[in-house]
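Q: My structure is stored as coords_24.txt, with compact mmCIF, C-alpha atoms.
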# COMPACT_ATOMS: atom_id res chain seq x y z
CA MET C 1 -29.71 24.12 4.20
CA PRO C 2 -31.33 21.34 2.13
CA ASN C 3 -34.63 22.18 0.46
CA ARG C 4 -37.87 20.27 0.99
CA ARG C 5 -37.51 18.10 -2.14
CA SER C 6 -33.97 17.13 -1.14
CA GLU C 7 -35.17 16.15 2.34
CA GLN C 8 -37.96 14.03 0.88
CA MET C 9 -35.57 12.30 -1.51
CA GLN C 10 -33.41 11.46 1.51
CA GLN C 11 -36.50 10.10 3.25
CA ALA C 12 -37.27 7.82 0.31
CA LEU C 13 -33.80 6.28 0.69
CA ALA C 14 -33.71 6.21 4.49
CA HIS C 15 -35.39 2.86 5.07
CA PRO C 16 -33.89 -0.58 4.49
CA LEU C 17 -37.30 -1.75 3.20
CA ALA C 18 -36.84 0.66 0.27
CA ASP C 19 -34.26 -1.72 -1.25
CA LYS C 20 -36.85 -3.82 -3.10
CA ARG C 21 -38.73 -0.71 -4.15
CA ILE C 22 -35.56 0.80 -5.60
CA GLU C 23 -34.98 -2.51 -7.43
CA ILE C 24 -38.46 -2.26 -8.96
CA LEU C 25 -37.93 1.39 -9.93
CA ARG C 26 -34.64 0.49 -11.59
CA ALA C 27 -36.32 -2.36 -13.47
CA VAL C 28 -39.03 -0.02 -14.76
CA GLY C 29 -36.31 2.27 -16.10
CA GLY C 30 -34.63 -0.67 -17.81
CA CYS C 31 -37.61 -2.37 -19.45
CA GLY C 32 -40.13 0.48 -19.79
CA SER C 33 -43.00 -1.52 -18.32
CA ILE C 34 -44.37 -1.91 -14.80
CA SER C 35 -45.71 -5.41 -15.48
CA ALA C 36 -42.36 -6.53 -16.93
CA ALA C 37 -40.52 -4.95 -14.00
CA ALA C 38 -42.79 -6.84 -11.59
CA ARG C 39 -41.96 -10.16 -13.29
CA GLN C 40 -38.26 -9.34 -13.33
CA CYS C 41 -38.27 -8.54 -9.59
CA GLY C 42 -40.42 -11.53 -8.64
CA VAL C 43 -43.39 -9.54 -7.32
CA SER C 44 -47.00 -9.14 -8.40
CA TYR C 45 -48.11 -6.30 -10.65
CA LYS C 46 -50.12 -4.88 -7.73
CA ALA C 47 -47.08 -5.03 -5.42
CA ALA C 48 -44.97 -3.21 -8.01
CA TRP C 49 -47.58 -0.44 -8.25
CA GLN C 50 -47.63 -0.16 -4.47
CA ALA C 51 -43.84 0.02 -4.29
CA LEU C 52 -43.79 2.88 -6.80
CA ASP C 53 -46.68 4.67 -5.09
CA THR C 54 -44.97 4.50 -1.69
CA LEU C 55 -41.63 5.68 -3.07
CA SER C 56 -43.41 8.59 -4.76
CA ASN C 57 -45.08 9.46 -1.45
CA LEU C 58 -41.76 9.44 0.41
CA ALA C 59 -39.89 11.30 -2.35
CA GLY C 60 -42.59 13.96 -2.70
CA ALA C 61 -42.61 13.60 -6.49
CA GLU C 62 -43.89 11.29 -9.20
CA LEU C 63 -41.09 8.90 -10.10
CA VAL C 64 -42.72 7.10 -13.03
CA SER C 65 -44.67 8.45 -15.99
CA LYS C 66 -47.32 5.88 -16.89
CA ALA C 67 -49.07 5.41 -20.22
CA VAL C 68 -52.62 4.06 -20.24
CA GLY C 69 -52.75 0.40 -21.23
CA GLY C 70 -54.84 -2.74 -20.95
CA SER C 71 -54.34 -5.68 -18.63
CA GLY C 72 -50.61 -5.54 -19.36
CA GLY C 73 -50.41 -2.13 -17.74
CA GLY C 74 -49.16 -0.05 -20.69
CA GLY C 75 -45.73 1.54 -20.97
CA ALA C 76 -43.84 3.47 -18.32
CA GLN C 77 -40.72 5.58 -18.06
CA LEU C 78 -38.86 7.27 -15.25
CA THR C 79 -39.38 10.96 -14.61
CA ALA C 80 -36.46 13.28 -13.89
CA ALA C 81 -37.15 12.75 -10.17
CA GLY C 82 -37.06 8.99 -10.68
CA GLU C 83 -33.68 9.20 -12.42
CA GLN C 84 -32.37 11.43 -9.64
CA LEU C 85 -33.51 8.97 -6.97
CA LEU C 86 -31.79 6.05 -8.72
CA ARG C 87 -28.53 8.00 -9.03
CA ALA C 88 -28.67 8.81 -5.31
CA ALA C 89 -29.45 5.17 -4.49
CA GLY C 90 -26.42 4.05 -6.50
CA LEU C 91 -24.14 6.44 -4.67
CA LEU C 92 -25.50 5.33 -1.29
CA GLU C 93 -25.02 1.65 -2.12
CA GLN C 94 -21.44 2.29 -3.22
CA ALA C 95 -20.70 4.16 0.02
CA ARG C 96 -22.38 1.39 2.04
CA ARG C 97 -20.21 -1.29 0.45
CA GLU C 98 -17.07 0.74 1.15
CA VAL C 99 -18.00 1.27 4.82
CA MET C 100 -18.91 -2.38 5.36
CA GLY C 101 -15.66 -3.42 3.68
CA ARG C 102 -13.69 -1.34 6.17
CA LEU C 103 -15.63 -2.50 9.23
CA ALA C 104 -15.86 -6.18 8.34
CA PRO C 105 -13.54 -7.23 5.48
CA GLY C 106 -14.96 -10.13 3.55
CA ARG C 107 -18.44 -9.77 5.04
CA SER C 108 -21.40 -9.06 2.77
CA ALA C 109 -22.80 -5.53 2.98
CA ALA C 110 -26.24 -7.12 3.15
CA ALA C 111 -25.38 -8.89 6.43
CA LEU C 112 -26.61 -6.08 8.65
CA PRO C 113 -28.33 -6.76 11.97
CA ALA C 114 -32.06 -7.28 11.52
CA ALA C 115 -32.75 -4.71 14.23
CA LEU C 116 -31.53 -1.94 11.93
CA GLY C 117 -34.52 -2.32 9.62
CA LEU C 118 -38.25 -2.72 10.09
CA ARG C 119 -40.54 -4.23 7.48
CA THR C 120 -44.27 -3.65 7.77
CA SER C 121 -47.40 -4.99 6.09
CA MET C 122 -49.02 -1.54 6.25
CA ARG C 123 -49.28 -0.42 2.64
CA ASN C 124 -50.37 3.15 3.34
CA GLN C 125 -47.38 5.24 4.42
CA LEU C 126 -48.06 8.97 4.30
CA PRO C 127 -45.49 11.67 5.16
CA CYS C 128 -47.11 14.19 7.53
CA THR C 129 -46.30 17.06 9.87
CA LEU C 130 -47.49 16.85 13.47
CA GLN C 131 -49.84 19.80 14.02
CA ALA C 132 -51.39 19.22 17.44
CA MET C 133 -51.74 16.78 20.35
CA LYS C 134 -54.92 16.81 22.42
CA PRO C 135 -55.93 14.72 25.48
CA GLN C 136 -58.71 12.28 24.58
CA ARG C 137 -60.26 9.76 27.01
CA GLY C 138 -57.00 8.90 28.74
CA ALA C 139 -55.08 8.86 25.47
CA LEU C 140 -53.89 11.47 22.96
CA GLU C 141 -55.43 12.61 19.70
CA VAL C 142 -52.61 13.50 17.32
CA VAL C 143 -53.54 15.79 14.42
CA LEU C 144 -51.38 15.41 11.33
CA LEU C 145 -51.08 17.62 8.25
CA LEU C 146 -50.55 15.98 4.87
CA GLY C 147 -48.00 17.41 2.44
CA ASP C 148 -50.45 19.83 0.81
CA GLY C 149 -51.07 21.50 4.18
CA GLU C 150 -54.82 21.07 3.77
CA GLY C 151 -55.59 17.40 4.34
CA ARG C 152 -55.63 16.26 7.95
CA ILE C 153 -55.38 12.84 9.57
CA ARG C 154 -56.08 12.03 13.21
CA SER C 155 -54.36 9.26 15.13
CA ARG C 156 -55.21 8.06 18.65
CA ILE C 157 -52.23 6.84 20.66
CA THR C 158 -51.26 6.46 24.31
CA ARG C 159 -49.36 9.13 26.18
CA GLU C 160 -46.58 6.62 26.72
CA SER C 161 -46.19 6.10 22.99
CA ALA C 162 -45.94 9.85 22.46
CA GLN C 163 -43.28 10.08 25.15
CA LEU C 164 -41.25 7.16 23.84
CA LEU C 165 -41.31 8.60 20.33
CA GLY C 166 -40.48 12.07 21.62
CA LEU C 167 -43.29 13.59 19.56
CA GLN C 168 -43.22 17.37 19.13
CA ILE C 169 -45.34 19.90 17.28
CA GLY C 170 -43.90 20.51 13.81
CA GLN C 171 -42.15 17.15 13.69
CA ARG C 172 -42.15 15.11 10.47
CA VAL C 173 -43.66 11.65 10.90
CA LEU C 174 -45.08 8.83 8.81
CA ALA C 175 -48.75 7.92 9.22
CA LEU C 176 -49.15 4.19 8.61
CA CYS C 177 -52.49 2.48 7.98
CA LYS C 178 -53.49 -0.97 6.75
CA ALA C 179 -55.29 -0.94 3.42
CA THR C 180 -57.96 -3.22 4.90
CA ALA C 181 -58.80 -0.50 7.47
CA VAL C 182 -59.71 2.02 4.75
CA GLU C 183 -63.28 2.08 3.41
CA VAL C 184 -63.70 3.73 0.01
CA LEU C 185 -67.05 5.22 -1.07
CA ALA C 186 -68.21 7.17 -4.10
CA GLN C 187 -68.69 10.86 -3.32
CA THR C 188 -72.33 10.52 -4.36
CA GLN C 189 -72.82 8.73 -1.04
CA ALA C 190 -73.08 10.56 2.28
CA PRO C 191 -70.42 9.02 4.55
CA ALA C 192 -71.02 8.55 8.27
CA ALA C 193 -67.65 10.02 9.23
CA GLU C 194 -68.15 10.65 12.94
CA GLY C 195 -65.08 9.44 14.81
CA ARG C 196 -63.30 8.55 11.58
CA ASN C 197 -60.85 10.22 9.23
CA LEU C 198 -62.41 11.42 5.98
CA LEU C 199 -60.24 12.19 2.95
CA ALA C 200 -61.28 13.09 -0.60
CA GLY C 201 -59.45 11.52 -3.51
CA GLU C 202 -59.58 10.47 -7.15
CA VAL C 203 -59.81 6.82 -8.16
CA GLN C 204 -56.63 5.69 -9.90
CA ARG C 205 -57.15 1.90 -9.92
CA LEU C 206 -60.29 -0.09 -9.22
CA SER C 207 -61.14 -3.76 -8.80
CA ARG C 208 -63.47 -5.08 -11.50
CA SER C 209 -65.08 -7.59 -9.14
CA ARG C 210 -68.83 -7.25 -8.60
CA GLU C 211 -68.25 -8.04 -4.94
CA GLY C 212 -66.03 -4.98 -4.58
CA GLY C 213 -62.34 -5.04 -3.83
CA GLU C 214 -59.19 -2.94 -3.73
CA VAL C 215 -59.21 0.73 -4.74
CA ALA C 216 -56.20 3.03 -5.19
CA LEU C 217 -56.83 6.75 -4.66
CA ARG C 218 -54.78 9.85 -5.42
CA LEU C 219 -55.20 12.51 -2.74
CA PRO C 220 -55.21 16.25 -3.61
CA GLY C 221 -51.62 16.64 -2.41
CA GLY C 222 -50.42 13.84 -4.70
CA GLU C 223 -50.22 11.11 -2.05
CA ASN C 224 -51.48 7.62 -2.84
CA LEU C 225 -53.90 5.75 -0.58
CA VAL C 226 -55.15 2.17 -0.87
CA GLY C 227 -58.44 0.89 0.54
CA PHE C 228 -61.39 -1.36 -0.21
CA CYS C 229 -64.91 -0.82 -1.53
CA GLY C 230 -68.03 -2.95 -1.22
CA PRO C 231 -70.31 -4.35 -3.95
CA ALA C 232 -72.13 -1.91 -6.25
CA SER C 233 -69.87 0.87 -4.99
CA GLY C 234 -70.63 3.27 -7.84
CA LEU C 235 -66.95 4.09 -8.13
CA ARG C 236 -65.36 4.78 -11.51
CA LEU C 237 -61.85 5.45 -12.74
CA ARG C 238 -60.81 9.11 -12.44
CA GLY C 239 -63.98 9.70 -10.43
CA PRO C 240 -64.15 11.32 -6.96
CA ALA C 241 -64.26 9.15 -3.85
CA TRP C 242 -64.16 9.28 -0.06
CA ALA C 243 -61.67 7.34 2.06
CA LEU C 244 -62.74 6.63 5.65
CA PHE C 245 -60.69 5.04 8.41
CA SER C 246 -60.58 5.10 12.20
CA ASP C 247 -58.07 7.23 14.09
CA ALA C 248 -57.20 4.06 16.03
CA ALA C 249 -56.07 2.47 12.75
CA VAL C 250 -53.34 5.09 12.19
CA VAL C 251 -49.90 4.17 13.51
CA LEU C 252 -47.13 6.76 13.75
CA ALA C 253 -43.51 6.20 12.80
CA LEU C 254 -40.60 8.61 12.91
CA ALA C 255 -39.64 9.78 9.43
CA ASP C 256 -36.05 10.63 10.33
What does the file become when written as structure tokens?
A:
Amino acid sequence: MPNRRSEQMQQALAHPLADKRIEILRAVGGCGSISAAARQCGVSYKAAWQALDTLSNLAGAELVSKAVGGSGGGGAQLTAAGEQLLRAAGLLEQARREVMGRLAPGRSAAALPAALGLRTSMRNQLPCTLQAMKPQRGALEVVLLLGDGEGRIRSRITRESAQLLGLQIGQRVLALCKATAVEVLAQTQAPAAEGRNLLAGEVQRLSRSREGGEVALRLPGGENLVGFCGPASGLRLRGPAWALFSDAAVVLALAD
């Protein structure tokens, strides 16, 4: 029976949208720099960070070891888990080409029906375990456990959605949330969290704009979460912060 890490590695490779993220991870391994990998792959530095954060979330392990740097981002190298993920990705791609060659000789392995993959603009993708489902004003409140078993997220969905997804207690799912739906506050502030999810985290990246901007948090279980702060937020790098977002902003997707 596969162990938890093996299952999470499979999850990181299970989605067609992971292709670009694997490309970025491979580029980091080749050039030793996230900023250089971003340029090589034709994406922004921020997008490269997000790709690596999401892959780390899905794999359940840090894939890149980052050195502190200036605006160029510093150096970076793959961890053992990152190397393992790339080896697995290479084997999967080889098997995919062989299968496509047998089914459709002469046809590109990339020419798969669009319906087989789903791309989403939601940057926050958190692996969770479904803990409970409770009736709530004609809908359902779904309670989700994060990987550390302590953090909880609530999602409000319709009964029909739960039925169509076949949701069950103990099931592994992905909690998706737009970064723009997440409000980030310094923990010196008292958040009005009624009716909203409240998660504690540590600031990993922070906009330097006086008007506020994007903030990347690391949650206690190692997951990464992106949100936005307002002006004069009081946030600082490596400092504690709150992330708040509505249960209606959380979309569920099947992880397997």
Q: May I ask which of the residues C:Gln187, C:Asn197, C:Ser121, C:Gln136 is the closest one to C:Gly151, counting only C-alpha atoms?
A: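 Ranking C:Gln187, C:Asn197, C:Ser121, C:Gln136 by distance to C:Gly151, first place goes to C:Asn197.
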Q: Skip C:Arg218 itself and residues of its chain fewer than 6 positions away, then list as a list in words all residues within 9 Å of it, counting all atoms listed in the file.
A: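 That gives Ala200, Gly201, Glu202, Val203, Gln204, Asn224, Leu225 and Val226 of chain C.
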Q: Counting all atoms listed in the file, which residue out of C:Leu199, C:Leu244, C:Val250, C:Ala76 sits closest to C:Arg156?
A: C:Val250
Q: Mind giving me the straight-line distance from atom CA of C:Ala253 to atom CA of C:Pro127 in Å, one decimal?
A: 9.6 Å
Q: Which distance in Å separates atom CA of C:Cys31 and atom CA of C:Gly75, to one decimal?
A: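 About the pair atom CA of C:Cys31 and atom CA of C:Gly75: they are 9.1 Å apart.
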Q: Nearest to C:Ile169: which of C:Ala37, C:Ala27, C:Leu144, C:Leu58 is it, counting only C-alpha atoms?
A: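 Between C:Ala37, C:Ala27, C:Leu144, C:Leu58, the residue approaching C:Ile169 most closely is C:Leu144.
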Q: Using all atoms listed in the file, which of C:Ala241, C:Gln168, C:Ile157, C:Asp247 sits nearest C:Arg196?
A: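 Using all atoms listed in the file, the shortest distance to C:Arg196 belongs to C:Asp247.
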